[in-house]
There are 2 protein chains.
Amino acid sequence: MSVNQREFGRRVLLGEIRKHRRIARINLADHTGISRATVTTITAELLREGLIEEVPGDSPERDGKRGRPTVDLRIRGAAHLVAGAKISNRTISLVLLDFEGNQLADHEVILDQNVFEAQELAGELATHVEVLARKIDRQRTDISGLGVGIAGIVDAPRGFVHWSPLLDQRNVEFGRVLSDALSIPVYLDNDANLVAVAEKTFGLGQGHSDFIVVTIESGVGMGLYIGDEIYRGTRGCGAEFGHTKVQLDGALCRCGQRGCLEAYVADYALLREAMIASGDKDGRPVEALLRDAQEGDAVAKSIVDRAGRMFAMGLANLVNIFDPELIILAGEQMQASHLYAEEVIEAIRASIVQIDKAPPEVVIHKWGNLMWARGAAAYALDNVSEAALAEMADHAG
Amino acid sequence: MSVNQREFGRRVLLGEIRKHRRIARINLADHTGISRATVTTITAELLREGLIEEVPGDSPERDGKRGRPTVDLRIRGAAHLVAGAKISNRTISLVLLDFEGNQLADHEVILDQNVFEAQELAGELATHVEVLARKIDRQRTDISGLGVGIAGIVDAPRGFVHWSPLLDQRNVEFGRVLSDALSIPVYLDNDANLVAVAEKTFGLGQGHSDFIVVTIESGVGMGLYIGDEIYRGTRGCGAEFGHTKVQLDGALCRCGQRGCLEAYVADYALLREAMIASGDKDGRPVEALLRDAQEGDAVAKSIVDRAGRMFAMGLANLVNIFDPELIILAGEQMQASHLYAEEVIEAIRASIVQIDKAPPEVVIHKWGNLMWARGAAAYALDNVSEAALAEMADHAG
């Protein structure tokens, strides 16, 4: 068994144990095709490193040969603390997990600004990660890794933010700024990608290799799994959906371009139209507009309907291009319910290439900021596992 | 060395020899990381099977130890004949390659119909593949595999045509119909995918892992490489581009839906507008319209310009979604030159998400039907190689 094979085997077995939560050695061998002898060797190493632990087996049977109780393996929760953060418009949401993925604490804080200098935002995050850790009588530096999801265009492997609505500068090495400020490893990604990670790890994406998650908040985001991997593009800005164009020379978008999907479906886009129609310069909250539309106000209905049809058109284009198994519409905001309407899903079906095979499933998954933060934590969990295995490779060879 | 490892090793080494055309055993070991001993064993098997052959080495040096001339390995061209066919609007284009990829013959035939019953089209193809083989005094059944590219929605692994403009029925197991009619293995795919295979094997996609090929003929096609693999989607109808929507409730498309990109950029779309403007019911050839536009006719220019801008918008959306390294615009028709204009490429750059990093390269590759057919042949070559290796695995273990 070469060094590479052993490293590969450790990764596969740790992943398999995580997937099953509890599993006997013999089943590990069956599921992975790795020989029983190698499973025994590698799991002994993982036990020695404290990454996994033995627990009494679930099975009522006893080991036939010697009559001993069966033993399962599971991830050792105490091995590492990991945290996840979602930084969104005026909110930081945080969760703390053990290495097995169990949630130990959460914390949410309202910010008093929309836009930050990078150091300043890092300082905020450092403070509140400390608060999070204190909730279980630990401290920030006890955390082995923090995943952070932020809106914008993020080159995740480099921790580089091309642009984010939350930062007052473009081109920030925000991953490095954060890990310097927090003194722990930080894994930064676009927030919609981390929702996709959350769906894959805990949610509706479990068991799916190819699916799309579309998120609706103040902007429209997308996370994309292709072949069980998050698709990131070649310059670190792939899977952009909100700024795909749905109208040539169309409505002006916050990004400065015209005809972006966001410029038709985001809250500000709806309110822009509502203001014109009502002559009301102060505007109304978007909830009022949606209520008016539901109550049959013709102008409000026209505004909301067009947003839904534009959204359906954008989603149909994704289906045509990717032909995914599954599309998950995720978001916490109840005010996006007009985009989750049955008419919208019908319009998607009517606009995709018609073949005599069922269209992809479209499911709606409403959840809160803490679930986004769990996605960020799941991303950290992957990275902390990788780091732990790399360390084993260094000293165990 | 397990059976799987040996099979894997054969595949890797055959691919590496194909890539380098000529290569010494020692370099094979260096490039692949496979041990010299295993390279010696496996190449001996490949030589025994007649898939590769030895040729005098290029290197002027001699083998130090024994003073023998150096020996290179190369694919044995005579091992297999493979053919490729492109079936397009009223044309079948065919090429015949040896197993090394050298072109031995070609043949092109004009059809007298636009739409065929499946058996009838298979009969035409069988006749002309026979003509092709006769050109080098062989016969159709000497061919080990035929790749076929056809416009439409094709589930390639199943050889299943959901829909093609060339067939009078939907849902045809056209791959099976063809292999029955020709009595040789047939590998069917969407024609734009096979242009992408051609670009990857012989063209501008060599050395790129992630790129998009957009083809312009009577329709607009797309082939997509992600991570060195053709992306096919989960229902076998992925990477559809011509029928993505660029306008809500827009122009009627031949597919029956509204607002498809094709309904703005295909020849028929331009002529539909030109007819309205001129009142000329007979219409003009599209070349005349393009000439008028170039000569400054305002209406013609308006028609052609909008097509270019719609095309740019569609391409910019692909860049936003995929963030590819490279976009290849491929097609043989000089009349698509308005879509290849510098203004179009500028408009793409202006509509993609702006980051401070160079946009993906957009290159134009004009080529004829025979190059498309070479793509089909390259696809057959891959499949024939796989079949040959699978056969070795069966009897060599």
# chains A, B, ... in the order shown; residues from 1 in each chain; ligands from 1
>>> interface_residues(of="chain A", to="chain B", cutoff="8 Å", atoms="only C-alpha atoms", output="PDB file with C-alpha atoms, in the first residue's frame")
ATOM      1  CA  HIS A 162     -13.706  40.125  -6.135  1.00  0.00           C
ATOM      2  CA  TRP A 163     -16.672  42.113  -4.963  1.00  0.00           C
ATOM      3  CA  ASN A 171     -10.412  42.807  -4.597  1.00  0.00           C
ATOM      4  CA  ASP A 210     -26.093  17.078  -9.732  1.00  0.00           C
ATOM      5  CA  ARG A 232     -16.775  27.177  -9.137  1.00  0.00           C
ATOM      6  CA  GLY A 233     -15.723  28.045 -12.673  1.00  0.00           C
ATOM      7  CA  THR A 234     -12.192  28.682 -13.808  1.00  0.00           C
ATOM      8  CA  ARG A 235     -11.696  32.221 -12.497  1.00  0.00           C
ATOM      9  CA  GLY A 236     -13.505  31.648  -9.207  1.00  0.00           C
ATOM     10  CA  CYS A 237     -16.660  33.421 -10.255  1.00  0.00           C
ATOM     11  CA  GLY A 238     -18.754  30.676 -11.815  1.00  0.00           C
ATOM     12  CA  ALA A 239     -22.381  29.816 -11.176  1.00  0.00           C
ATOM     13  CA  GLU A 240     -23.487  33.449 -11.229  1.00  0.00           C
ATOM     14  CA  PHE A 241     -27.234  33.589 -11.768  1.00  0.00           C
ATOM     15  CA  HIS A 243     -26.731  38.894 -13.056  1.00  0.00           C
ATOM     16  CA  THR A 244     -27.519  36.747 -16.056  1.00  0.00           C
ATOM     17  CA  LYS A 245     -29.482  38.863 -18.482  1.00  0.00           C
ATOM     18  CA  VAL A 246     -33.172  38.249 -19.067  1.00  0.00           C
ATOM     19  CA  GLN A 247     -33.824  41.331 -21.186  1.00  0.00           C
ATOM     20  CA  LEU A 248     -31.653  43.046 -23.781  1.00  0.00           C
ATOM     21  CA  GLN A 257     -25.523  46.699 -16.066  1.00  0.00           C
ATOM     22  CA  ARG A 309     -42.372  35.104 -15.006  1.00  0.00           C
ATOM     23  CA  MET A 310     -38.861  36.540 -15.346  1.00  0.00           C
ATOM     24  CA  MET A 313     -37.544  32.177 -17.500  1.00  0.00           C
ATOM     25  CA  GLY A 314     -34.166  32.382 -15.760  1.00  0.00           C
ATOM     26  CA  ALA A 316     -35.864  27.418 -17.316  1.00  0.00           C
ATOM     27  CA  ASN A 317     -32.601  28.561 -18.889  1.00  0.00           C
ATOM     28  CA  VAL A 319     -32.624  23.658 -16.744  1.00  0.00           C
ATOM     29  CA  ASN A 320     -31.889  23.863 -20.474  1.00  0.00           C
ATOM     30  CA  ILE A 321     -28.203  24.408 -19.867  1.00  0.00           C
ATOM     31  CA  PHE A 322     -27.615  21.952 -17.004  1.00  0.00           C
ATOM     32  CA  ASP A 323     -30.390  19.405 -17.222  1.00  0.00           C
ATOM     33  CA  PRO A 324     -30.140  18.877 -13.443  1.00  0.00           C
ATOM     34  CA  GLU A 325     -31.909  16.177 -11.419  1.00  0.00           C
ATOM     35  CA  SER A 351     -40.200  26.988 -21.127  1.00  0.00           C
ATOM     36  CA  ILE A 352     -37.740  24.104 -21.009  1.00  0.00           C
ATOM     37  CA  VAL A 353     -36.855  21.939 -23.950  1.00  0.00           C
ATOM     38  CA  ILE A 355     -38.706  15.808 -24.137  1.00  0.00           C
ATOM     39  CA  ASP A 356     -40.898  12.886 -23.253  1.00  0.00           C
ATOM     40  CA  LYS A 357     -39.322  12.473 -19.855  1.00  0.00           C
TER      41      LYS A 357
END
>>> select_by_dssp(residues="segment 178-275 of chain A", states="strand (DSSP E or B)", output="count of residues only")
24
>>> residues_around(residues="Ile34 of chain B", least_positions_apart="4", cutoff="12 Å", atoms="only C-alpha atoms", output="list in words")
Met1, Gln5, Arg6, Phe8, Gly9, Arg10, Arg11, Val12, Leu13, Glu16, Arg25, Ile26, Asn27, Leu28, Ala29, Asp30, Thr38, Val39, Thr40, Thr41, Ile42 and Thr43 of chain B
>>> select_by_dssp(residues="segment 70-269 of chain A", states="helix (DSSP H, G or I)", output="ChimeraX atom specification")
/A:77-79,118-134,140-142,156-158,174-182,191-201,262-265,267-269
>>> atom_distance(atom1="atom CA of Asp394 of chain B", atom2="atom CA of Glu7 of chain B")
10.2 Å
>>> atom_distance(atom1="atom CA of Ile23 of chain A", atom2="atom CA of Asp106 of chain A")
28.9 Å
>>> residues_around(residues="Gly152 of chain B", least_positions_apart="2", cutoff="9 Å", atoms="only C-alpha atoms", output="PDB file with N, CA, C and O atoms, in the first residue's frame")
ATOM      1  N   ILE B 150     -25.639  14.282 -34.939  1.00  0.00           N
ATOM      2  CA  ILE B 150     -26.913  14.685 -35.531  1.00  0.00           C
ATOM      3  C   ILE B 150     -27.462  15.864 -34.729  1.00  0.00           C
ATOM      4  O   ILE B 150     -27.285  15.920 -33.505  1.00  0.00           O
ATOM      5  N   VAL B 154     -30.141  14.575 -27.984  1.00  0.00           N
ATOM      6  CA  VAL B 154     -29.690  13.191 -28.063  1.00  0.00           C
ATOM      7  C   VAL B 154     -29.191  12.752 -26.692  1.00  0.00           C
ATOM      8  O   VAL B 154     -28.375  13.444 -26.092  1.00  0.00           O
ATOM      9  N   VAL B 161     -32.620   9.393 -29.510  1.00  0.00           N
ATOM     10  CA  VAL B 161     -32.908  10.744 -29.998  1.00  0.00           C
ATOM     11  C   VAL B 161     -34.263  11.182 -29.452  1.00  0.00           C
ATOM     12  O   VAL B 161     -35.303  10.657 -29.853  1.00  0.00           O
ATOM     13  N   HIS B 162     -34.230  12.137 -28.521  1.00  0.00           N
ATOM     14  CA  HIS B 162     -35.492  12.689 -28.018  1.00  0.00           C
ATOM     15  C   HIS B 162     -36.214  13.398 -29.159  1.00  0.00           C
ATOM     16  O   HIS B 162     -37.404  13.286 -29.322  1.00  0.00           O
ATOM     17  N   TRP B 163     -35.432  14.153 -29.918  1.00  0.00           N
ATOM     18  CA  TRP B 163     -35.993  14.916 -31.010  1.00  0.00           C
ATOM     19  C   TRP B 163     -34.847  15.345 -31.918  1.00  0.00           C
ATOM     20  O   TRP B 163     -33.765  15.674 -31.432  1.00  0.00           O
ATOM     21  N   SER B 164     -35.076  15.262 -33.231  1.00  0.00           N
ATOM     22  CA  SER B 164     -34.106  15.812 -34.181  1.00  0.00           C
ATOM     23  C   SER B 164     -34.866  16.423 -35.344  1.00  0.00           C
ATOM     24  O   SER B 164     -35.855  15.856 -35.808  1.00  0.00           O
ATOM     25  N   PRO B 165     -34.389  17.565 -35.865  1.00  0.00           N
ATOM     26  CA  PRO B 165     -35.062  18.159 -37.023  1.00  0.00           C
ATOM     27  C   PRO B 165     -34.971  17.256 -38.246  1.00  0.00           C
ATOM     28  O   PRO B 165     -35.721  17.440 -39.204  1.00  0.00           O
ATOM     29  N   LEU B 166     -34.071  16.262 -38.232  1.00  0.00           N
ATOM     30  CA  LEU B 166     -33.875  15.394 -39.397  1.00  0.00           C
ATOM     31  C   LEU B 166     -34.780  14.170 -39.391  1.00  0.00           C
ATOM     32  O   LEU B 166     -34.873  13.468 -40.394  1.00  0.00           O
ATOM     33  N   ASN B 190     -25.203  14.296 -30.089  1.00  0.00           N
ATOM     34  CA  ASN B 190     -25.553  15.607 -30.613  1.00  0.00           C
ATOM     35  C   ASN B 190     -24.367  16.173 -31.387  1.00  0.00           C
ATOM     36  O   ASN B 190     -23.225  16.049 -30.959  1.00  0.00           O
ATOM     37  N   ASP B 191     -24.622  16.815 -32.518  1.00  0.00           N
ATOM     38  CA  ASP B 191     -23.509  17.242 -33.372  1.00  0.00           C
ATOM     39  C   ASP B 191     -22.610  18.292 -32.708  1.00  0.00           C
ATOM     40  O   ASP B 191     -21.394  18.253 -32.883  1.00  0.00           O
ATOM     41  N   GLY B 221     -25.938  25.562 -31.541  1.00  0.00           N
ATOM     42  CA  GLY B 221     -25.659  24.413 -30.683  1.00  0.00           C
ATOM     43  C   GLY B 221     -24.592  24.727 -29.661  1.00  0.00           C
ATOM     44  O   GLY B 221     -23.897  25.736 -29.757  1.00  0.00           O
TER      45      GLY B 221
END
